[in-house]
file work_21.txt (compact mmCIF, C-alpha atoms)
# COMPACT_ATOMS: atom_id res chain seq x y z
CA MET A 25 -23.42 18.82 9.68
CA LYS A 26 -19.96 17.32 10.13
CA ARG A 27 -17.46 18.82 7.70
CA ARG A 28 -15.16 16.33 6.04
CA SER A 29 -11.66 17.56 5.40
CA ARG A 30 -10.46 17.55 1.80
CA THR A 31 -7.00 16.46 2.98
CA ARG A 32 -8.49 13.54 4.89
CA ARG A 33 -10.50 12.50 1.83
CA VAL A 34 -7.45 12.68 -0.44
CA LEU A 35 -5.30 10.71 2.03
CA LYS A 36 -8.05 8.11 2.45
CA TRP A 37 -8.32 7.45 -1.28
CA ALA A 38 -4.55 7.68 -1.88
CA GLY A 39 -3.97 5.10 0.87
CA THR A 40 -6.64 2.83 -0.56
CA SER A 41 -5.18 3.11 -4.07
CA ALA A 42 -1.65 2.42 -2.79
CA CYS A 43 -2.89 -0.67 -0.91
CA VAL A 44 -4.60 -1.99 -4.05
CA LEU A 45 -1.43 -1.37 -6.09
CA ILE A 46 0.69 -3.26 -3.56
CA VAL A 47 -1.69 -6.25 -3.61
CA VAL A 48 -1.69 -6.25 -7.44
CA ALA A 49 2.13 -6.02 -7.47
CA TRP A 50 2.33 -8.94 -5.03
CA GLY A 51 0.06 -11.04 -7.27
CA PHE A 52 2.06 -10.02 -10.36
CA SER A 53 5.33 -10.98 -8.69
CA LEU A 54 4.18 -14.53 -7.96
CA LYS A 55 4.06 -15.37 -11.67
CA TRP A 56 6.42 -12.87 -13.28
CA TYR A 57 9.25 -10.67 -12.25
CA ALA A 58 10.15 -7.24 -13.48
CA GLY A 59 13.15 -5.06 -13.07
CA LEU A 60 14.79 -1.92 -14.31
CA ALA A 61 18.57 -2.12 -14.69
CA TRP A 62 20.13 1.31 -14.59
CA LYS A 63 23.89 1.75 -14.40
CA GLU A 64 24.89 -0.48 -11.49
CA TRP A 65 21.51 -0.65 -9.70
CA ALA A 66 18.47 -2.78 -10.46
CA PRO A 67 15.22 -2.49 -8.51
CA VAL A 68 13.37 -5.78 -9.04
CA ILE A 69 9.99 -7.12 -7.92
CA ILE A 70 10.01 -10.89 -7.54
CA ASP A 71 8.32 -13.53 -5.37
CA GLY A 72 6.29 -11.05 -3.31
CA GLN A 73 9.30 -8.89 -2.53
CA VAL A 74 10.96 -5.75 -3.81
CA TRP A 75 14.72 -6.05 -4.17
CA LEU A 76 17.40 -3.50 -4.84
CA TRP A 77 20.28 -5.31 -6.52
CA HIS A 78 23.69 -3.71 -6.80
CA LEU A 79 25.15 -5.18 -9.98
CA TYR A 80 28.70 -6.40 -9.72
CA ASP A 81 29.39 -6.21 -13.44
CA PRO A 82 26.71 -4.09 -15.15
CA ASP A 83 26.29 -5.03 -18.78
CA GLU A 84 24.84 -2.64 -21.37
CA LYS A 85 22.56 -5.33 -22.83
CA TYR A 86 20.68 -5.57 -19.53
CA THR A 87 20.04 -1.84 -19.19
CA GLY A 88 16.35 -0.89 -19.23
CA TRP A 89 13.09 -2.59 -18.30
CA HIS A 90 12.89 -6.36 -18.14
CA PHE A 91 9.70 -8.40 -17.77
CA VAL A 92 10.16 -12.13 -17.51
CA MET A 93 7.38 -14.72 -17.20
CA GLY A 94 7.95 -17.39 -14.63
CA SER A 95 9.23 -16.18 -11.29
CA SER A 96 12.48 -17.72 -10.15
CA ARG A 97 11.00 -18.53 -6.75
CA LEU A 98 13.92 -17.34 -4.72
CA GLU A 99 12.77 -19.14 -1.60
CA HIS A 100 9.14 -20.17 -2.31
CA THR A 101 7.98 -17.86 0.48
CA TYR A 102 5.51 -15.74 -1.53
CA GLY A 103 6.98 -12.68 0.18
CA LEU A 104 5.97 -13.78 3.69
CA THR A 105 9.42 -13.20 5.18
CA TRP A 106 11.36 -10.51 7.02
CA PRO A 107 13.51 -7.94 5.21
CA LYS A 108 16.97 -9.21 4.43
CA GLY A 109 20.10 -8.64 2.42
CA TRP A 110 22.30 -10.97 0.41
CA ASP A 111 25.97 -10.87 -0.45
CA ALA A 112 27.44 -12.31 -3.65
CA TRP A 113 24.36 -13.84 -5.30
CA PHE A 114 24.79 -14.88 -8.95
CA GLY A 115 27.20 -12.05 -9.76
CA TRP A 116 25.43 -9.35 -7.75
CA THR A 117 27.42 -8.16 -4.77
CA ARG A 118 24.85 -6.52 -2.53
CA SER A 119 21.09 -6.99 -2.51
CA TRP A 120 18.41 -5.77 -0.14
CA GLY A 121 14.88 -7.13 -0.14
CA VAL A 122 11.66 -5.92 1.47
CA PRO A 123 8.56 -8.15 1.46
CA LEU A 124 5.51 -6.32 0.13
CA TRP A 125 3.48 -7.07 3.25
CA LEU A 126 5.53 -4.50 5.22
CA PRO A 127 4.54 -1.41 3.20
CA LEU A 128 1.02 -2.85 2.91
CA LEU A 129 0.73 -3.10 6.68
CA ALA A 130 2.17 0.40 7.08
CA LEU A 131 -0.55 1.76 4.76
CA VAL A 132 -3.55 -0.40 5.74
CA LEU A 133 -3.68 0.69 9.38
CA PRO A 134 -3.76 4.50 8.88
CA THR A 135 -6.05 4.12 5.86
CA ALA A 136 -8.50 2.04 7.90
CA VAL A 137 -8.45 4.69 10.64
CA LEU A 138 -9.19 7.41 8.07
CA TRP A 139 -12.11 5.41 6.65
CA HIS A 140 -13.44 4.81 10.18
CA CYS A 141 -13.19 8.48 11.17
CA ASP A 142 -14.85 9.65 7.95
CA ARG A 143 -17.90 7.40 8.06
CA ARG A 144 -21.30 9.06 7.91
CA SER A 145 -23.99 8.83 10.54
CA PRO A 146 -27.11 6.89 9.53
CA LYS A 147 -30.17 8.75 8.27
CA GLY A 148 -32.21 10.19 11.15
CA HIS A 149 -29.14 10.78 13.29
CA CYS A 150 -27.19 13.98 13.94
CA GLN A 151 -24.38 14.24 11.39
CA SER A 152 -22.16 15.94 13.95
CA CYS A 153 -22.38 13.62 16.97
CA GLY A 154 -24.49 10.65 15.79
CA TYR A 155 -27.35 11.21 18.27
CA ASP A 156 -30.65 9.56 17.26
CA LEU A 157 -33.05 12.38 16.30
CA THR A 158 -36.18 10.22 15.93
CA GLY A 159 -39.17 12.31 17.07
CA ASN A 160 -37.18 15.53 17.33
CA GLU A 161 -39.17 18.34 15.71
CA SER A 162 -37.09 21.30 16.89
CA GLY A 163 -34.43 20.91 14.20
CA VAL A 164 -31.66 21.21 16.82
CA CYS A 165 -29.73 18.26 18.24
CA PRO A 166 -30.27 18.12 22.02
CA GLU A 167 -26.89 16.44 22.47
CA CYS A 168 -24.52 18.86 20.70
CA GLY A 169 -26.71 21.82 19.67
CA GLU A 170 -26.10 21.46 15.90
CA SER A 171 -29.00 22.39 13.62
CA THR A 172 -30.18 19.49 11.48
call {"tool": "encode", "arguments": {"input": "work_21.txt", "output": "structure tokens"}}
result
Amino acid sequence: MKRRSRTRRVLKWAGTSACVLIVVAWGFSLKWYAGLAWKEWAPVIIDGQVWLWHLYDPDEKYTGWHFVMGSSRLEHTYGLTWPKGWDAWFGWTRSWGVPLWLPLLALVLPTAVLWHCDRRSPKGHCQSCGYDLTGNESGVCPECGEST
């Protein structure tokens, strides 16, 4: 019987969970935006993108978590753009944005490969090599020699 690695199983489910979280965050960011202002930095999720804003004039009243309903629609792109940076935007001096589809793509491909490699053989087939064992009464796979 094919042994499935615990590490592979953990990575497979962690990748799947991360992909689901990214898709949920993308959907969230189309209607709302959220950010955490801390000192002079503010990571913000808005319009399908994650931004890191460097605040030009950090104000104490904006420190902490902020959830606002109604996305500002920076460019009405829904995050389907390339990564970019801005200079001097509404009082912020430097901003860097990454669309959420980039980390999603980086996680979907290896996660899909892990799911593909960890699939089980159908019933009546060798669990090690997938050979069809219909009619085999010896209990040993003629293809790879594994006992069934």
call {"tool": "residues_around", "arguments": {"input": "work_21.txt", "residues": "range 40-45 of chain A", "least_positions_apart": "4", "cutoff": "8 Å", "atoms": "all atoms listed in the file", "output": "list of chain:residue names"}}
result
A:Lys36, A:Ala49, A:Leu128, A:Leu131, A:Val132, A:Thr135
call {"tool": "atom_distance", "arguments": {"input": "work_21.txt", "atom1": "CA of Val34 in chain A", "atom2": "CA of Leu126 in chain A"}}
result
22.3 Å
call {"tool": "closest_residue", "arguments": {"input": "work_21.txt", "among": "A:Val164, A:Ala38, A:Leu124, A:Leu76", "to": "Ser53 in chain A", "atoms": "all atoms listed in the file"}}
result
A:Leu124
call {"tool": "closest_residue", "arguments": {"input": "work_21.txt", "among": "A:Val47, A:Gly163, A:Trp120, A:Gly39", "to": "Val68 in chain A", "atoms": "only C-alpha atoms"}}
result
A:Trp120
call {"tool": "residues_around", "arguments": {"input": "work_21.txt", "residues": "Ile70 in chain A", "least_positions_apart": "4", "cutoff": "7 Å", "atoms": "only C-alpha atoms", "output": "ChimeraX atom specification"}}
result
/A:53-54,57-58,74,95
call {"tool": "closest_residue", "arguments": {"input": "work_21.txt", "among": "A:Trp77, A:Gly72, A:Arg143, A:Cys168", "to": "Val48 in chain A", "atoms": "all atoms listed in the file"}}
result
A:Gly72
